[in-house]
$ cat start18.tsv   # TSV, N, CA and C atoms
chain	number	residue	atom	x	y	z
A	1	MET	N	0.84	-1.17	0.00
A	1	MET	CA	0.00	0.00	0.00
A	1	MET	C	0.88	1.24	0.00
A	2	MET	N	0.59	2.17	-0.90
A	2	MET	CA	1.37	3.39	-1.00
A	2	MET	C	0.42	4.57	-0.93
A	3	ILE	N	0.81	5.60	-0.17
A	3	ILE	CA	-0.01	6.79	0.00
A	3	ILE	C	0.80	7.99	-0.48
A	4	ALA	N	0.25	8.75	-1.39
A	4	ALA	CA	0.94	9.96	-1.87
A	4	ALA	C	0.40	11.16	-1.10
A	5	MET	N	1.30	11.99	-0.64
A	5	MET	CA	0.90	13.22	0.04
A	5	MET	C	0.60	14.26	-1.03
A	6	PRO	N	-0.42	15.08	-0.84
A	6	PRO	CA	-0.86	16.01	-1.88
A	6	PRO	C	0.02	17.25	-2.02
A	7	ASP	N	1.17	17.10	-2.60
A	7	ASP	CA	2.03	18.22	-2.92
A	7	ASP	C	2.59	17.95	-4.31
A	8	ALA	N	1.98	18.53	-5.30
A	8	ALA	CA	2.32	18.22	-6.69
A	8	ALA	C	3.78	18.55	-7.00
A	9	ALA	N	4.33	19.56	-6.37
A	9	ALA	CA	5.70	19.96	-6.66
A	9	ALA	C	6.71	18.93	-6.15
A	10	CYS	N	6.40	18.31	-5.03
A	10	CYS	CA	7.34	17.36	-4.44
A	10	CYS	C	6.56	16.23	-3.77
A	11	PRO	N	6.12	15.25	-4.54
A	11	PRO	CA	5.34	14.17	-3.93
A	11	PRO	C	6.19	13.34	-2.98
A	12	VAL	N	5.60	13.00	-1.86
A	12	VAL	CA	6.26	12.16	-0.87
A	12	VAL	C	5.44	10.89	-0.75
A	13	PHE	N	6.11	9.75	-0.76
A	13	PHE	CA	5.41	8.49	-0.69
A	13	PHE	C	5.72	7.79	0.62
A	14	PHE	N	4.69	7.28	1.23
A	14	PHE	CA	4.85	6.45	2.42
A	14	PHE	C	4.39	5.07	2.02
A	15	SER	N	5.12	4.08	2.40
A	15	SER	CA	4.80	2.73	1.98
A	15	SER	C	4.78	1.81	3.18
A	16	THR	N	3.85	0.89	3.15
A	16	THR	CA	3.84	-0.15	4.17
A	16	THR	C	4.70	-1.32	3.71
A	17	ASN	N	5.23	-1.21	2.51
A	17	ASN	CA	6.07	-2.27	1.96
A	17	ASN	C	7.45	-1.71	1.68
A	18	HIS	N	8.47	-2.15	2.45
A	18	HIS	CA	9.84	-1.64	2.29
A	18	HIS	C	10.33	-1.85	0.86
A	19	ARG	N	9.92	-2.91	0.23
A	19	ARG	CA	10.37	-3.20	-1.14
A	19	ARG	C	9.94	-2.10	-2.10
A	20	GLU	N	8.73	-1.53	-1.91
A	20	GLU	CA	8.28	-0.44	-2.77
A	20	GLU	C	9.20	0.76	-2.64
A	21	VAL	N	9.59	1.11	-1.42
A	21	VAL	CA	10.48	2.24	-1.19
A	21	VAL	C	11.83	1.97	-1.84
A	22	THR	N	12.36	0.76	-1.65
A	22	THR	CA	13.64	0.39	-2.24
A	22	THR	C	13.57	0.50	-3.76
A	23	THR	N	12.48	0.01	-4.34
A	23	THR	CA	12.32	0.06	-5.79
A	23	THR	C	12.28	1.50	-6.28
A	24	MET	N	11.56	2.36	-5.57
A	24	MET	CA	11.48	3.76	-5.98
A	24	MET	C	12.86	4.40	-5.95
A	25	ASN	N	13.64	4.16	-4.91
A	25	ASN	CA	14.98	4.73	-4.83
A	25	ASN	C	15.90	4.12	-5.87
A	26	TRP	N	15.77	2.85	-6.14
A	26	TRP	CA	16.64	2.19	-7.09
A	26	TRP	C	16.38	2.69	-8.51
A	27	ASP	N	15.18	3.15	-8.81
A	27	ASP	CA	14.87	3.69	-10.13
A	27	ASP	C	15.85	4.80	-10.50
A	28	ARG	N	16.22	5.61	-9.54
A	28	ARG	CA	17.18	6.69	-9.79
A	28	ARG	C	18.56	6.13	-10.11
A	29	ILE	N	18.98	5.12	-9.36
A	29	ILE	CA	20.28	4.49	-9.60
A	29	ILE	C	20.29	3.86	-10.99
A	30	GLU	N	19.23	3.16	-11.31
A	30	GLU	CA	19.15	2.52	-12.63
A	30	GLU	C	19.19	3.56	-13.74
A	31	GLY	N	18.48	4.66	-13.56
A	31	GLY	CA	18.45	5.71	-14.57
A	31	GLY	C	19.78	6.40	-14.76
A	32	ASP	N	20.57	6.51	-13.69
A	32	ASP	CA	21.87	7.17	-13.74
A	32	ASP	C	23.01	6.16	-13.61
A	33	TRP	N	22.81	4.96	-14.15
A	33	TRP	CA	23.74	3.87	-13.95
A	33	TRP	C	25.18	4.23	-14.31
A	34	LYS	N	25.38	4.96	-15.40
A	34	LYS	CA	26.74	5.31	-15.81
A	34	LYS	C	27.47	6.08	-14.71
A	35	GLN	N	26.74	6.92	-13.99
A	35	GLN	CA	27.36	7.69	-12.92
A	35	GLN	C	27.60	6.84	-11.67
A	36	PHE	N	26.78	5.83	-11.46
A	36	PHE	CA	26.91	5.00	-10.26
A	36	PHE	C	27.88	3.83	-10.44
A	37	LYS	N	28.21	3.49	-11.69
A	37	LYS	CA	29.09	2.34	-11.93
A	37	LYS	C	30.42	2.47	-11.21
A	38	GLY	N	30.98	3.65	-11.17
A	38	GLY	CA	32.26	3.84	-10.48
A	38	GLY	C	32.15	3.55	-8.99
A	39	ASN	N	31.05	3.96	-8.39
A	39	ASN	CA	30.83	3.69	-6.97
A	39	ASN	C	30.65	2.19	-6.72
A	40	VAL	N	29.98	1.52	-7.64
A	40	VAL	CA	29.81	0.07	-7.52
A	40	VAL	C	31.16	-0.62	-7.63
A	41	LYS	N	31.96	-0.19	-8.60
A	41	LYS	CA	33.29	-0.77	-8.81
A	41	LYS	C	34.18	-0.55	-7.58
A	42	GLN	N	34.04	0.62	-6.97
A	42	GLN	CA	34.82	0.92	-5.77
A	42	GLN	C	34.40	0.01	-4.61
A	43	GLN	N	33.10	-0.25	-4.48
A	43	GLN	CA	32.58	-1.08	-3.39
A	43	GLN	C	32.87	-2.56	-3.62
A	44	TRP	N	32.65	-3.03	-4.85
A	44	TRP	CA	32.80	-4.44	-5.18
A	44	TRP	C	33.79	-4.56	-6.33
A	45	GLY	N	35.06	-4.45	-6.03
A	45	GLY	CA	36.12	-4.42	-7.03
A	45	GLY	C	36.26	-5.68	-7.86
A	46	LYS	N	35.73	-6.80	-7.38
A	46	LYS	CA	35.82	-8.04	-8.15
A	46	LYS	C	34.86	-8.06	-9.33
A	47	ILE	N	33.91	-7.16	-9.34
A	47	ILE	CA	32.96	-7.09	-10.46
A	47	ILE	C	33.63	-6.35	-11.61
A	48	THR	N	33.66	-6.98	-12.77
A	48	THR	CA	34.38	-6.41	-13.91
A	48	THR	C	33.56	-5.33	-14.62
A	49	ASP	N	34.26	-4.55	-15.45
A	49	ASP	CA	33.58	-3.53	-16.24
A	49	ASP	C	32.55	-4.16	-17.18
A	50	ASP	N	32.90	-5.31	-17.76
A	50	ASP	CA	31.95	-6.00	-18.64
A	50	ASP	C	30.70	-6.42	-17.87
A	51	GLN	N	30.89	-6.90	-16.64
A	51	GLN	CA	29.74	-7.29	-15.82
A	51	GLN	C	28.90	-6.07	-15.47
A	52	LEU	N	29.56	-4.95	-15.21
A	52	LEU	CA	28.81	-3.73	-14.90
A	52	LEU	C	27.95	-3.32	-16.09
A	53	ASP	N	28.45	-3.51	-17.29
A	53	ASP	CA	27.66	-3.20	-18.48
A	53	ASP	C	26.45	-4.12	-18.59
A	54	VAL	N	26.65	-5.39	-18.28
A	54	VAL	CA	25.56	-6.37	-18.32
A	54	VAL	C	24.52	-6.05	-17.23
A	55	ILE	N	24.99	-5.65	-16.07
A	55	ILE	CA	24.10	-5.33	-14.96
A	55	ILE	C	23.15	-4.20	-15.35
A	56	ALA	N	23.68	-3.19	-16.01
A	56	ALA	CA	22.88	-2.08	-16.55
A	56	ALA	C	21.92	-1.47	-15.53
A	57	GLY	N	22.33	-1.44	-14.27
A	57	GLY	CA	21.50	-0.81	-13.24
A	57	GLY	C	20.42	-1.69	-12.64
A	58	LYS	N	20.36	-2.94	-13.06
A	58	LYS	CA	19.33	-3.86	-12.53
A	58	LYS	C	19.78	-4.39	-11.18
A	59	ARG	N	19.03	-4.07	-10.15
A	59	ARG	CA	19.40	-4.42	-8.77
A	59	ARG	C	19.55	-5.92	-8.58
A	60	ASP	N	18.60	-6.69	-9.08
A	60	ASP	CA	18.66	-8.14	-8.87
A	60	ASP	C	19.86	-8.77	-9.58
A	61	VAL	N	20.24	-8.23	-10.74
A	61	VAL	CA	21.41	-8.73	-11.45
A	61	VAL	C	22.68	-8.39	-10.68
A	62	LEU	N	22.74	-7.16	-10.15
A	62	LEU	CA	23.89	-6.78	-9.33
A	62	LEU	C	24.01	-7.67	-8.10
A	63	ALA	N	22.90	-7.94	-7.45
A	63	ALA	CA	22.93	-8.83	-6.28
A	63	ALA	C	23.48	-10.20	-6.67
A	64	GLY	N	23.07	-10.72	-7.81
A	64	GLY	CA	23.58	-12.00	-8.28
A	64	GLY	C	25.07	-11.97	-8.55
A	65	LYS	N	25.55	-10.88	-9.14
A	65	LYS	CA	26.99	-10.76	-9.42
A	65	LYS	C	27.79	-10.65	-8.13
A	66	ILE	N	27.24	-9.97	-7.13
A	66	ILE	CA	27.91	-9.89	-5.82
A	66	ILE	C	28.01	-11.29	-5.22
A	67	GLN	N	26.91	-12.04	-5.30
A	67	GLN	CA	26.91	-13.42	-4.79
A	67	GLN	C	28.00	-14.25	-5.47
A	68	GLU	N	28.06	-14.18	-6.79
A	68	GLU	CA	29.03	-14.96	-7.55
A	68	GLU	C	30.46	-14.55	-7.23
A	69	ALA	N	30.72	-13.25	-7.25
A	69	ALA	CA	32.09	-12.76	-7.09
A	69	ALA	C	32.63	-12.97	-5.69
A	70	TYR	N	31.76	-12.88	-4.70
A	70	TYR	CA	32.23	-12.92	-3.31
A	70	TYR	C	31.79	-14.17	-2.55
A	71	GLY	N	31.01	-15.04	-3.20
A	71	GLY	CA	30.60	-16.28	-2.55
A	71	GLY	C	29.75	-16.07	-1.31
A	72	VAL	N	28.83	-15.09	-1.38
A	72	VAL	CA	27.95	-14.80	-0.25
A	72	VAL	C	26.53	-15.22	-0.59
A	73	SER	N	25.70	-15.31	0.44
A	73	SER	CA	24.30	-15.68	0.26
A	73	SER	C	23.52	-14.52	-0.37
A	74	ARG	N	22.35	-14.81	-0.85
A	74	ARG	CA	21.48	-13.78	-1.42
A	74	ARG	C	21.15	-12.74	-0.35
A	75	ASP	N	20.86	-13.19	0.86
A	75	ASP	CA	20.55	-12.25	1.95
A	75	ASP	C	21.72	-11.31	2.23
A	76	GLU	N	22.94	-11.85	2.24
A	76	GLU	CA	24.12	-11.02	2.48
A	76	GLU	C	24.31	-10.02	1.35
A	77	ALA	N	24.13	-10.46	0.12
A	77	ALA	CA	24.25	-9.55	-1.02
A	77	ALA	C	23.22	-8.43	-0.91
A	78	GLU	N	22.01	-8.77	-0.52
A	78	GLU	CA	20.94	-7.76	-0.36
A	78	GLU	C	21.28	-6.78	0.76
A	79	LYS	N	21.86	-7.28	1.86
A	79	LYS	CA	22.27	-6.40	2.96
A	79	LYS	C	23.34	-5.42	2.49
A	80	GLN	N	24.32	-5.94	1.75
A	80	GLN	CA	25.38	-5.08	1.24
A	80	GLN	C	24.82	-4.04	0.29
A	81	LEU	N	23.90	-4.45	-0.57
A	81	LEU	CA	23.29	-3.50	-1.51
A	81	LEU	C	22.49	-2.42	-0.78
A	82	ALA	N	21.75	-2.81	0.24
A	82	ALA	CA	20.96	-1.83	0.99
A	82	ALA	C	21.86	-0.82	1.68
A	83	SER	N	22.95	-1.30	2.25
A	83	SER	CA	23.91	-0.41	2.90
A	83	SER	C	24.54	0.54	1.89
A	84	TRP	N	24.95	0.01	0.75
A	84	TRP	CA	25.54	0.83	-0.31
A	84	TRP	C	24.54	1.88	-0.81
A	85	GLN	N	23.31	1.45	-1.00
A	85	GLN	CA	22.27	2.36	-1.48
A	85	GLN	C	22.04	3.49	-0.49
A	86	ASP	N	22.03	3.19	0.80
A	86	ASP	CA	21.87	4.24	1.82
A	86	ASP	C	23.02	5.24	1.76
A	87	ARG	N	24.23	4.75	1.54
A	87	ARG	CA	25.38	5.66	1.43
A	87	ARG	C	25.27	6.55	0.20
A	88	GLN	N	24.73	6.01	-0.88
A	88	GLN	CA	24.57	6.82	-2.10
A	88	GLN	C	23.57	7.95	-1.85
A	89	LYS	N	22.52	7.66	-1.11
A	89	LYS	CA	21.55	8.71	-0.77
A	89	LYS	C	22.19	9.81	0.05
A	90	GLU	N	23.02	9.41	1.02
A	90	GLU	CA	23.71	10.39	1.86
A	90	GLU	C	24.67	11.24	1.04
A	91	MET	N	25.41	10.61	0.14
A	91	MET	CA	26.39	11.32	-0.68
A	91	MET	C	25.74	12.30	-1.64
A	92	ASN	N	24.53	11.99	-2.08
A	92	ASN	CA	23.87	12.82	-3.09
A	92	ASN	C	22.81	13.74	-2.50
A	93	ARG	N	22.79	13.84	-1.18
A	93	ARG	CA	21.82	14.70	-0.51
A	93	ARG	C	22.27	16.16	-0.66
A	94	PRO	N	21.34	17.07	-1.01
A	94	PRO	CA	21.72	18.49	-1.12
A	94	PRO	C	22.18	19.05	0.20
A	95	VAL	N	23.16	19.95	0.13
A	95	VAL	CA	23.72	20.54	1.35
A	95	VAL	C	22.91	21.74	1.75
$ encode --input "start18.tsv" --output "structure tokens"
Amino acid sequence: MMIAMPDAACPVFFSTNHREVTTMNWDRIEGDWKQFKGNVKQQWGKITDDQLDVIAGKRDVLAGKIQEAYGVSRDEAEKQLASWQDRQKEMNRPV
């Protein structure tokens, strides 16, 4: 369930489903993938440039590549992605 607050200039969404919020935030990363690839490479250096091109901003594909490259579980890859995503929000927050 998602509720939009009535402010056309800056809609704010509240969700009872964490996945919806994650998806909404990830849309920005996917859209600006070329700019985020360097940050991904810095975080997960075992992921190759060719793999980054294949990932193309798709969160589930990136999680799979993290699993493969580092031999971690899906849950661990998701935790790492969530932590990385939170840092990206902090880094791109207006001052």
$ closest_residue --input "start18.tsv" --among "A:Arg59, A:Ile66, A:Trp33, A:Lys89" --to "Lys46 (chain A)" --atoms "only C-alpha atoms"
A:Ile66
$ closest_residue --input "start18.tsv" --among "A:Trp84, A:Asp60, A:Glu90, A:Asp75" --to "Gln43 (chain A)" --atoms "all atoms listed in the file"
A:Trp84
$ atom_distance --input "start18.tsv" --atom1 "CA of Ile29 (chain A)" --atom2 "atom N of Lys41 (chain A)"
12.6 Å
$ atom_distance --input "start18.tsv" --atom1 "CA of Asp32 (chain A)" --atom2 "atom C of Gln67 (chain A)"
23.8 Å
$ closest_residue --input "start18.tsv" --among "A:Met91, A:Leu62, A:Asn39, A:Gln85" --to "Asn25 (chain A)" --atoms "only C-alpha atoms"
A:Gln85
$ closest_residue --input "start18.tsv" --among "A:Ala69, A:Ala63, A:Lys58, A:Ala82" --to "Asp27 (chain A)" --atoms "only C-alpha atoms"
A:Lys58
$ residues_around --input "start18.tsv" --residues "Tyr70 (chain A)" --least-positions-apart "5" --cutoff "8 Å" --atoms "all atoms listed in the file" --output "list in words"
Lys46, Ile47, Gly64 and Lys65 of chain A
